[in-house]
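A.B. asks: Just one file: structure14.txt, with compact mmCIF, C-alpha atoms and all ligand atoms.
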```
# COMPACT_ATOMS: atom_id res chain seq x y z
CA MET T 532 5.15 -35.06 -35.85
CA SER T 533 4.38 -31.64 -34.45
CA THR T 534 5.88 -30.55 -31.14
CA PRO T 535 3.22 -30.40 -28.42
CA ARG T 536 2.59 -26.85 -27.26
CA LEU T 537 3.44 -26.38 -23.63
CA PRO T 538 0.82 -24.48 -21.68
CA ASP T 539 1.80 -20.90 -20.99
CA ALA T 540 3.13 -21.03 -17.42
CA SER T 541 1.81 -17.56 -16.68
CA VAL T 542 -1.79 -18.57 -17.21
CA SER T 543 -1.68 -22.29 -16.43
CA SER T 544 -1.53 -21.74 -12.68
CA LYS T 545 -4.51 -19.82 -11.45
CA LEU T 546 -6.60 -19.46 -8.33
CA THR T 547 -10.32 -18.74 -8.53
CA PRO T 548 -11.71 -18.26 -5.01
CA ALA T 549 -15.41 -19.13 -4.91
CA LEU T 550 -16.77 -15.97 -3.32
CA PRO T 551 -20.47 -15.06 -3.50
CA ASP T 552 -21.24 -12.07 -5.75
CA ALA T 553 -17.62 -11.88 -6.97
CA GLU T 554 -15.55 -12.99 -9.93
CA ILE T 555 -11.89 -13.10 -8.98
CA ILE T 556 -8.96 -14.79 -10.69
CA LEU T 557 -5.38 -14.71 -9.42
CA TYR T 558 -2.48 -15.68 -11.67
CA PRO T 559 0.28 -15.97 -9.04
CA ASN T 560 3.06 -16.27 -11.63
CA PHE T 561 1.95 -13.96 -14.40
CA CYS T 562 5.54 -12.61 -14.60
CA ASP T 563 8.57 -14.62 -13.49
CA ALA T 564 10.91 -13.20 -10.84
CA GLN T 565 13.43 -11.83 -13.33
CA GLN T 566 10.80 -10.06 -15.43
CA SER T 567 9.09 -8.70 -12.31
CA ASP T 568 12.37 -7.22 -11.08
CA ARG T 569 12.91 -5.62 -14.49
CA TRP T 570 9.43 -4.07 -14.55
CA LEU T 571 9.87 -2.87 -10.97
CA ALA T 572 13.11 -1.09 -11.86
CA VAL T 573 11.66 0.40 -15.05
CA PHE T 574 8.52 1.75 -13.38
CA THR T 575 10.37 2.99 -10.30
CA GLN T 576 12.56 5.11 -12.56
CA THR T 577 10.32 6.16 -15.45
CA ILE T 578 6.94 6.90 -13.87
CA ALA T 579 6.08 10.47 -12.81
CA TRP T 580 5.22 9.57 -9.21
CA ARG T 581 3.36 12.12 -7.08
CA GLN T 582 1.82 12.33 -3.64
CA ASP T 583 -1.54 14.09 -3.68
CA TRP T 584 -3.82 15.57 -1.08
CA ILE T 585 -7.25 13.95 -0.97
CA ARG T 586 -10.45 14.77 0.89
CA ILE T 587 -11.94 12.03 3.05
CA TYR T 588 -14.93 12.78 5.29
CA GLY T 589 -14.25 16.52 4.86
CA ARG T 590 -10.61 16.30 5.93
CA SER T 591 -7.57 16.88 3.72
CA LEU T 592 -5.01 14.12 3.95
CA LEU T 593 -1.83 13.30 2.06
CA GLN T 594 -2.32 10.00 0.31
CA PRO T 595 -0.33 7.30 2.13
CA ARG T 596 1.45 6.17 -1.06
CA LEU T 597 2.64 7.63 -4.36
CA THR T 598 0.42 7.40 -7.42
CA ALA T 599 0.36 8.07 -11.15
CA TRP T 600 -2.32 7.89 -13.83
CA TYR T 601 -1.51 6.99 -17.45
CA GLY T 602 -3.89 6.42 -20.31
CA ASP T 603 -5.45 7.44 -23.57
CA PRO T 604 -5.90 11.22 -23.90
CA GLU T 605 -9.08 12.63 -22.28
CA LYS T 606 -9.52 9.64 -19.94
CA SER T 607 -9.43 11.52 -16.66
CA TYR T 608 -10.28 9.77 -13.40
CA THR T 609 -11.90 11.21 -10.28
CA TYR T 610 -11.87 9.65 -6.82
CA SER T 611 -11.80 11.00 -3.25
CA GLY T 612 -12.26 14.54 -4.61
CA LEU T 613 -9.16 14.26 -6.80
CA THR T 614 -9.25 14.42 -10.61
CA MET T 615 -6.24 12.93 -12.32
CA LEU T 616 -5.43 13.79 -15.95
CA PRO T 617 -3.65 11.01 -17.78
CA GLN T 618 0.02 11.07 -18.69
CA SER T 619 0.80 9.58 -22.12
CA TRP T 620 1.53 5.87 -22.27
CA THR T 621 5.21 4.95 -22.03
CA PRO T 622 6.58 2.12 -24.23
CA ALA T 623 6.96 -0.13 -21.15
CA LEU T 624 3.39 0.49 -20.00
CA LEU T 625 2.03 -0.22 -23.50
CA ASN T 626 4.03 -3.44 -23.68
CA LEU T 627 2.69 -4.60 -20.32
CA LYS T 628 -0.86 -3.49 -21.20
CA THR T 629 -0.84 -5.78 -24.26
CA GLN T 630 0.17 -8.78 -22.13
CA VAL T 631 -2.40 -8.03 -19.45
CA GLU T 632 -5.16 -7.55 -22.06
CA ALA T 633 -4.43 -11.04 -23.43
CA ALA T 634 -4.72 -12.62 -19.96
CA ALA T 635 -7.83 -10.66 -18.98
CA ASP T 636 -9.45 -10.96 -22.44
CA GLN T 637 -10.32 -7.29 -22.17
CA LYS T 638 -9.02 -4.01 -23.62
CA PHE T 639 -7.89 -1.28 -21.22
CA ASN T 640 -7.45 2.45 -21.88
CA SER T 641 -5.85 3.57 -18.64
CA VAL T 642 -3.80 2.44 -15.66
CA LEU T 643 -3.57 3.69 -12.09
CA LEU T 644 -0.16 3.03 -10.53
CA ASN T 645 0.47 2.91 -6.79
CA LEU T 646 3.89 2.90 -5.15
CA TYR T 647 3.91 1.61 -1.56
CA ARG T 648 7.31 2.81 -0.33
CA ASP T 649 7.22 0.73 2.87
CA GLY T 650 4.78 -0.89 5.30
CA ASN T 651 3.49 2.50 6.35
CA ASP T 652 2.01 3.09 2.89
CA SER T 653 -1.42 1.62 2.35
CA MET T 654 -4.80 1.86 0.65
CA GLY T 655 -7.97 1.95 2.74
CA TRP T 656 -11.25 0.08 2.22
CA HIS T 657 -12.93 0.98 -1.07
CA SER T 658 -14.52 -0.44 -4.21
CA ASP T 659 -13.46 0.53 -7.70
CA ASP T 660 -16.99 1.69 -8.47
CA GLU T 661 -16.56 5.19 -9.88
CA PRO T 662 -19.25 5.87 -12.52
CA GLU T 663 -16.72 6.25 -15.35
CA LEU T 664 -15.71 2.58 -14.87
CA GLY T 665 -19.18 1.37 -15.88
CA LYS T 666 -21.45 -1.17 -14.18
CA ASN T 667 -19.38 -4.37 -13.89
CA PRO T 668 -15.81 -3.28 -14.55
CA VAL T 669 -12.98 -5.68 -15.28
CA ILE T 670 -9.93 -4.53 -13.34
CA ALA T 671 -6.55 -6.19 -13.83
CA SER T 672 -4.04 -5.56 -11.07
CA LEU T 673 -0.35 -6.45 -11.40
CA SER T 674 1.89 -6.48 -8.32
CA LEU T 675 5.67 -6.00 -8.36
CA GLY T 676 8.08 -6.00 -5.41
CA GLY T 677 7.30 -6.64 -1.74
CA THR T 678 4.38 -8.96 -0.94
CA ARG T 679 1.39 -7.21 0.63
CA ARG T 680 -1.93 -8.44 2.04
CA PHE T 681 -4.98 -7.78 -0.16
CA MET T 682 -8.11 -8.01 1.99
CA LEU T 683 -11.68 -8.29 0.75
CA ARG T 684 -14.93 -7.85 2.67
CA HIS T 685 -18.53 -8.18 1.51
CA ARG T 686 -20.41 -4.90 1.85
CA SER T 687 -23.60 -6.28 3.40
CA ARG T 688 -22.75 -9.83 4.58
CA LYS T 689 -20.31 -8.95 7.35
CA ASP T 690 -19.29 -12.60 7.88
CA LEU T 691 -17.81 -12.80 4.36
CA LYS T 692 -14.12 -11.93 4.27
CA TYR T 693 -11.22 -13.11 2.17
CA GLU T 694 -7.53 -12.41 1.92
CA LEU T 695 -4.82 -12.93 -0.69
CA ALA T 696 -1.07 -12.40 -0.55
CA LEU T 697 -0.16 -10.38 -3.63
CA THR T 698 3.35 -11.55 -4.47
CA SER T 699 5.67 -10.02 -7.05
CA GLY T 700 4.59 -10.91 -10.58
CA SER T 701 1.02 -11.84 -9.63
CA LEU T 702 -1.96 -10.66 -11.67
CA LEU T 703 -5.33 -10.28 -9.94
CA ILE T 704 -8.44 -9.88 -12.06
CA MET T 705 -11.68 -8.62 -10.54
CA ALA T 706 -14.79 -8.74 -12.71
CA GLY T 707 -18.57 -9.19 -12.71
CA THR T 708 -20.28 -7.76 -9.64
CA THR T 709 -17.15 -7.80 -7.44
CA GLN T 710 -16.97 -4.00 -7.10
CA HIS T 711 -20.69 -3.74 -6.40
CA TYR T 712 -20.73 -6.20 -3.48
CA TRP T 713 -17.17 -6.20 -2.15
CA GLN T 714 -14.60 -3.73 -0.85
CA HIS T 715 -10.84 -4.26 -0.77
CA GLN T 716 -7.83 -2.76 1.00
CA VAL T 717 -4.07 -3.03 1.33
CA PRO T 718 -3.44 -2.44 5.06
CA LYS T 719 -0.34 -0.98 6.67
CA THR T 720 2.07 -3.51 8.14
CA LYS T 721 4.73 -3.37 10.85
CA ARG T 722 6.71 -6.07 9.03
CA ALA T 723 9.72 -4.82 7.10
CA VAL T 724 8.55 -4.90 3.47
CA SER T 725 10.30 -3.94 0.26
CA PRO T 726 8.79 -1.23 -1.93
CA ARG T 727 5.87 -2.44 -4.01
CA ILE T 728 4.38 -1.12 -7.24
CA ASN T 729 0.84 -2.05 -8.19
CA LEU T 730 -0.69 -1.27 -11.58
CA THR T 731 -4.47 -1.48 -11.98
CA PHE T 732 -5.50 -1.49 -15.63
CA ARG T 733 -8.96 -0.07 -16.18
CA CYS T 734 -11.36 0.86 -18.94
CA ILE T 735 -12.83 4.33 -18.57
CA ASP T 736 -15.91 5.41 -20.55
O1 LIG V 801 -2.34 -2.13 -4.38
C1 LIG V 801 -3.26 -2.91 -4.59
O2 LIG V 801 -3.11 -4.12 -4.70
C2 LIG V 801 -4.67 -2.37 -4.69
C3 LIG V 801 -4.80 -1.15 -5.52
C4 LIG V 801 -6.21 -0.71 -5.63
O3 LIG V 801 -7.10 -1.24 -5.02
C5 LIG V 801 -6.56 0.39 -6.52
O4 LIG V 801 -5.68 0.98 -7.15
O5 LIG V 801 -7.76 0.70 -6.62
MN MN V 802 -9.09 -0.70 -5.80
```
With the file now loaded, output its structure as structure tokens.
C.D. replies:
Amino acid sequence: MSTPRLPDASVSSKLTPALPDAEIILYPNFCDAQQSDRWLAVFTQTIAWRQDWIRIYGRSLLQPRLTAWYGDPEKSYTYSGLTMLPQSWTPALLNLKTQVEAAADQKFNSVLLNLYRDGNDSMGWHSDDEPELGKNPVIASLSLGGTRRFMLRHRSRKDLKYELALTSGSLLIMAGTTQHYWQHQVPKTKRAVSPRINLTFRCID
């Protein structure tokens, strides 16, 4: 008699909020706590973190977080007046990319990493709708470290709002028309929060 296959815990528990004009899946336990801590330590130490100046509404501001951009050669990424050239994949990033591709059923050629050092670091309202991402991009976003609020708001239907707590080891997938109709942000918080690393895997044309 063959042994029954246990469902993969990382993908068996999932949340699919029914939001109009959006396709969102959250795997709260994509990585277990031990693996998440390991990834957090590896990426804290091995990623070439930087803090860039960006232009928003004609003003130059230091980004309120550290970032890094890794990917296939030539896959540069431009947002808020900043063009980032990719660093070469590290073994750890490639390993994680393979696992995320299996869950998202999608290949990725680049990843934007964000390091939120404390509650004062944040990301303002935006959509991931840069032309090089294509029309209905699939974006897979892994969170490691301190839990932060991830807020969503519909661009034209002001009554439509949603919020998720992105805990360590969770994988959020946004697909379909999500970026066209919705914006998202990670607001500052006065709560004491541990550092958080977020990796958003993307496919650039
Ligand atoms: O940190 C997060 O969860 C969001 C990151 C994000 O929206 C982005 O990198 O475009
Ligand atoms: Mn985003």
A.B. asks: Dump as a PyMOL selection string all residues having an atom at most 12 Å from (-0.2, 10.3, -3.3), computed in the file's coordinates with all atoms listed in the file.
C.D. replies: chain T and resi 579-586+592-600+611+613+615+643-648+652-654
A.B. asks: Just how far from atom CA of T:Asn651 is atom CA of T:Phe732, in Å to one decimal?
C.D. replies: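 So the two atoms, atom CA of T:Phe732 and atom CA of T:Asn651, lie 24.1 Å apart.
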A.B. asks: Grab me every residue within 10 Å of ligand MN 802 (chain V), counting all atoms listed in the file, and send it over as a PyMOL selection string.
C.D. replies: chain T and resi 643+654-660+670+672+681+705+710+714-717+731
A.B. asks: Determine the nearest neighbour of ligand LIG 801 (chain V) from the options T:Pro726, T:His711, T:Leu697, T:Ser687, counting all atoms listed in the file.
C.D. replies: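 For ligand LIG 801 (chain V), the nearest of the given residues is T:Leu697.
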A.B. asks: Under the rule that all atoms listed in the file are counted, which of T:Gly665, T:Gly707, T:Gly589, T:Gly676 is the nearest residue to ligand LIG 801 (chain V)?
C.D. replies: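 The closest residue to ligand LIG 801 (chain V) is T:Gly676.
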A.B. asks: Between T:Asp563, T:Asp552, T:Glu661, T:Asp690, which residue has the minimum interatomic distance to ligand LIG 801 (chain V), considering only C-alpha atoms and all ligand atoms?
C.D. replies: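 The shortest atom-to-atom distance to ligand LIG 801 (chain V) comes from T:Glu661.
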A.B. asks: For stretch 617-634 of chain T, work out the shell of residues within 8 Å, counting all atoms listed in the file and skipping chain neighbours fewer than 6 positions away, then give it as a PyMOL selection string.
C.D. replies: chain T and resi 542+573+600-607+641+671+732
A.B. asks: Could you work out how far atom CA of T:Tyr558 lies from atom CA of T:Thr708, giving the answer in Å with one decimal?
C.D. replies: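 A separation of 19.6 Å between them.
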A.B. asks: Which residue out of T:Ile728, T:Arg684, T:Ala723, T:Leu695 has the minimum interatomic distance to T:Thr547 when only C-alpha atoms are used?
C.D. replies: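 Of the candidates, the smallest distance to T:Thr547 is held by T:Leu695.
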A.B. asks: Restricting the calculation to only C-alpha atoms and all ligand atoms: of T:Asp568, T:Glu694, T:Glu554, T:Asp636, which residue gets closest to ligand LIG 801 (chain V)?
C.D. replies: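 Result for the nearest residue to ligand LIG 801 (chain V): T:Glu694.
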A.B. asks: What does the distance between atom CA of T:Leu673 and atom CA of T:Pro551 come to in Å, to one decimal place?
C.D. replies: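 Distance between the two atoms: 23.3 Å.
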A.B. asks: Nearest to ligand LIG 801 (chain V): which of T:Arg688, T:Arg590, T:Lys666, T:Arg680 is it, counting only C-alpha atoms and all ligand atoms?
C.D. replies: T:Arg680
A.B. asks: Could you list as a ChimeraX atom specification every residue that has an atom within 9 Å of (-13.0, -13.8, 4.0), using the file's coordinates and counting only C-alpha atoms?
C.D. replies: /T:550,682-685,690-694
A.B. asks: How would stretch 596-627 of chain T look with N, CA and C atoms restored, written as a PDB file, in the frame of the given file?
C.D. replies:
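Saved as rebuild16.pdb:
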```
ATOM      1  N   ARG T 596       0.735   6.898   0.002  1.00  0.00           N
ATOM      2  CA  ARG T 596       1.450   6.170  -1.060  1.00  0.00           C
ATOM      3  C   ARG T 596       1.663   7.156  -2.195  1.00  0.00           C
ATOM      4  N   LEU T 597       2.495   6.802  -3.158  1.00  0.00           N
ATOM      5  CA  LEU T 597       2.640   7.630  -4.360  1.00  0.00           C
ATOM      6  C   LEU T 597       1.771   7.036  -5.459  1.00  0.00           C
ATOM      7  N   THR T 598       1.301   7.890  -6.355  1.00  0.00           N
ATOM      8  CA  THR T 598       0.420   7.400  -7.420  1.00  0.00           C
ATOM      9  C   THR T 598       0.799   8.037  -8.756  1.00  0.00           C
ATOM     10  N   ALA T 599       0.250   7.478  -9.816  1.00  0.00           N
ATOM     11  CA  ALA T 599       0.360   8.070 -11.150  1.00  0.00           C
ATOM     12  C   ALA T 599      -0.776   7.505 -11.995  1.00  0.00           C
ATOM     13  N   TRP T 600      -1.193   8.281 -12.982  1.00  0.00           N
ATOM     14  CA  TRP T 600      -2.320   7.890 -13.830  1.00  0.00           C
ATOM     15  C   TRP T 600      -1.888   8.044 -15.278  1.00  0.00           C
ATOM     16  N   TYR T 601      -1.894   6.958 -16.031  1.00  0.00           N
ATOM     17  CA  TYR T 601      -1.510   6.990 -17.450  1.00  0.00           C
ATOM     18  C   TYR T 601      -2.671   6.458 -18.266  1.00  0.00           C
ATOM     19  N   GLY T 602      -2.807   6.951 -19.496  1.00  0.00           N
ATOM     20  CA  GLY T 602      -3.890   6.420 -20.310  1.00  0.00           C
ATOM     21  C   GLY T 602      -4.066   7.162 -21.606  1.00  0.00           C
ATOM     22  N   ASP T 603      -5.109   6.761 -22.323  1.00  0.00           N
ATOM     23  CA  ASP T 603      -5.450   7.440 -23.570  1.00  0.00           C
ATOM     24  C   ASP T 603      -5.813   8.886 -23.230  1.00  0.00           C
ATOM     25  N   PRO T 604      -5.578   9.827 -24.165  1.00  0.00           N
ATOM     26  CA  PRO T 604      -5.900  11.220 -23.900  1.00  0.00           C
ATOM     27  C   PRO T 604      -7.374  11.367 -23.512  1.00  0.00           C
ATOM     28  N   GLU T 605      -7.692  12.314 -22.681  1.00  0.00           N
ATOM     29  CA  GLU T 605      -9.080  12.630 -22.280  1.00  0.00           C
ATOM     30  C   GLU T 605      -9.648  11.681 -21.230  1.00  0.00           C
ATOM     31  N   LYS T 606      -8.955  10.596 -20.896  1.00  0.00           N
ATOM     32  CA  LYS T 606      -9.520   9.640 -19.940  1.00  0.00           C
ATOM     33  C   LYS T 606      -9.131  10.033 -18.516  1.00  0.00           C
ATOM     34  N   SER T 607      -9.766  11.086 -18.015  1.00  0.00           N
ATOM     35  CA  SER T 607      -9.430  11.520 -16.660  1.00  0.00           C
ATOM     36  C   SER T 607     -10.203  10.656 -15.645  1.00  0.00           C
ATOM     37  N   TYR T 608      -9.749  10.681 -14.402  1.00  0.00           N
ATOM     38  CA  TYR T 608     -10.280   9.770 -13.400  1.00  0.00           C
ATOM     39  C   TYR T 608     -10.445  10.538 -12.110  1.00  0.00           C
ATOM     40  N   THR T 609     -11.638  10.455 -11.507  1.00  0.00           N
ATOM     41  CA  THR T 609     -11.900  11.210 -10.280  1.00  0.00           C
ATOM     42  C   THR T 609     -12.217  10.264  -9.139  1.00  0.00           C
ATOM     43  N   TYR T 610     -11.505  10.393  -8.020  1.00  0.00           N
ATOM     44  CA  TYR T 610     -11.870   9.650  -6.820  1.00  0.00           C
ATOM     45  C   TYR T 610     -11.385  10.433  -5.607  1.00  0.00           C
ATOM     46  N   SER T 611     -12.107  10.292  -4.502  1.00  0.00           N
ATOM     47  CA  SER T 611     -11.800  11.000  -3.250  1.00  0.00           C
ATOM     48  C   SER T 611     -11.557  12.486  -3.500  1.00  0.00           C
ATOM     49  N   GLY T 612     -12.363  13.106  -4.365  1.00  0.00           N
ATOM     50  CA  GLY T 612     -12.260  14.540  -4.610  1.00  0.00           C
ATOM     51  C   GLY T 612     -11.051  14.942  -5.437  1.00  0.00           C
ATOM     52  N   LEU T 613     -10.386  13.978  -6.048  1.00  0.00           N
ATOM     53  CA  LEU T 613      -9.160  14.260  -6.800  1.00  0.00           C
ATOM     54  C   LEU T 613      -9.382  13.845  -8.261  1.00  0.00           C
ATOM     55  N   THR T 614      -9.141  14.778  -9.194  1.00  0.00           N
ATOM     56  CA  THR T 614      -9.250  14.420 -10.610  1.00  0.00           C
ATOM     57  C   THR T 614      -7.849  14.313 -11.180  1.00  0.00           C
ATOM     58  N   MET T 615      -7.565  13.156 -11.758  1.00  0.00           N
ATOM     59  CA  MET T 615      -6.240  12.930 -12.320  1.00  0.00           C
ATOM     60  C   MET T 615      -6.342  12.956 -13.840  1.00  0.00           C
ATOM     61  N   LEU T 616      -5.498  13.774 -14.487  1.00  0.00           N
ATOM     62  CA  LEU T 616      -5.430  13.790 -15.950  1.00  0.00           C
ATOM     63  C   LEU T 616      -4.350  12.807 -16.373  1.00  0.00           C
ATOM     64  N   PRO T 617      -4.601  12.073 -17.460  1.00  0.00           N
ATOM     65  CA  PRO T 617      -3.650  11.010 -17.780  1.00  0.00           C
ATOM     66  C   PRO T 617      -2.345  11.534 -18.368  1.00  0.00           C
ATOM     67  N   GLN T 618      -1.252  10.910 -17.991  1.00  0.00           N
ATOM     68  CA  GLN T 618       0.020  11.070 -18.690  1.00  0.00           C
ATOM     69  C   GLN T 618      -0.036  10.138 -19.911  1.00  0.00           C
ATOM     70  N   SER T 619       0.791  10.428 -20.908  1.00  0.00           N
ATOM     71  CA  SER T 619       0.800   9.580 -22.120  1.00  0.00           C
ATOM     72  C   SER T 619       1.490   8.253 -21.824  1.00  0.00           C
ATOM     73  N   TRP T 620       0.956   7.206 -22.425  1.00  0.00           N
ATOM     74  CA  TRP T 620       1.530   5.870 -22.270  1.00  0.00           C
ATOM     75  C   TRP T 620       3.033   5.888 -22.528  1.00  0.00           C
ATOM     76  N   THR T 621       3.793   5.169 -21.729  1.00  0.00           N
ATOM     77  CA  THR T 621       5.210   4.950 -22.030  1.00  0.00           C
ATOM     78  C   THR T 621       5.318   3.630 -22.793  1.00  0.00           C
ATOM     79  N   PRO T 622       6.422   3.404 -23.509  1.00  0.00           N
ATOM     80  CA  PRO T 622       6.580   2.120 -24.230  1.00  0.00           C
ATOM     81  C   PRO T 622       6.454   0.928 -23.279  1.00  0.00           C
ATOM     82  N   ALA T 623       7.024   1.010 -22.086  1.00  0.00           N
ATOM     83  CA  ALA T 623       6.960  -0.130 -21.150  1.00  0.00           C
ATOM     84  C   ALA T 623       5.519  -0.382 -20.707  1.00  0.00           C
ATOM     85  N   LEU T 624       4.777   0.676 -20.434  1.00  0.00           N
ATOM     86  CA  LEU T 624       3.390   0.490 -20.000  1.00  0.00           C
ATOM     87  C   LEU T 624       2.541  -0.112 -21.128  1.00  0.00           C
ATOM     88  N   LEU T 625       2.805   0.324 -22.366  1.00  0.00           N
ATOM     89  CA  LEU T 625       2.030  -0.220 -23.500  1.00  0.00           C
ATOM     90  C   LEU T 625       2.346  -1.699 -23.706  1.00  0.00           C
ATOM     91  N   ASN T 626       3.614  -2.046 -23.553  1.00  0.00           N
ATOM     92  CA  ASN T 626       4.030  -3.440 -23.680  1.00  0.00           C
ATOM     93  C   ASN T 626       3.310  -4.300 -22.631  1.00  0.00           C
ATOM     94  N   LEU T 627       3.333  -3.850 -21.401  1.00  0.00           N
ATOM     95  CA  LEU T 627       2.690  -4.600 -20.320  1.00  0.00           C
ATOM     96  C   LEU T 627       1.166  -4.653 -20.532  1.00  0.00           C
TER      97      LEU T 627
END
```
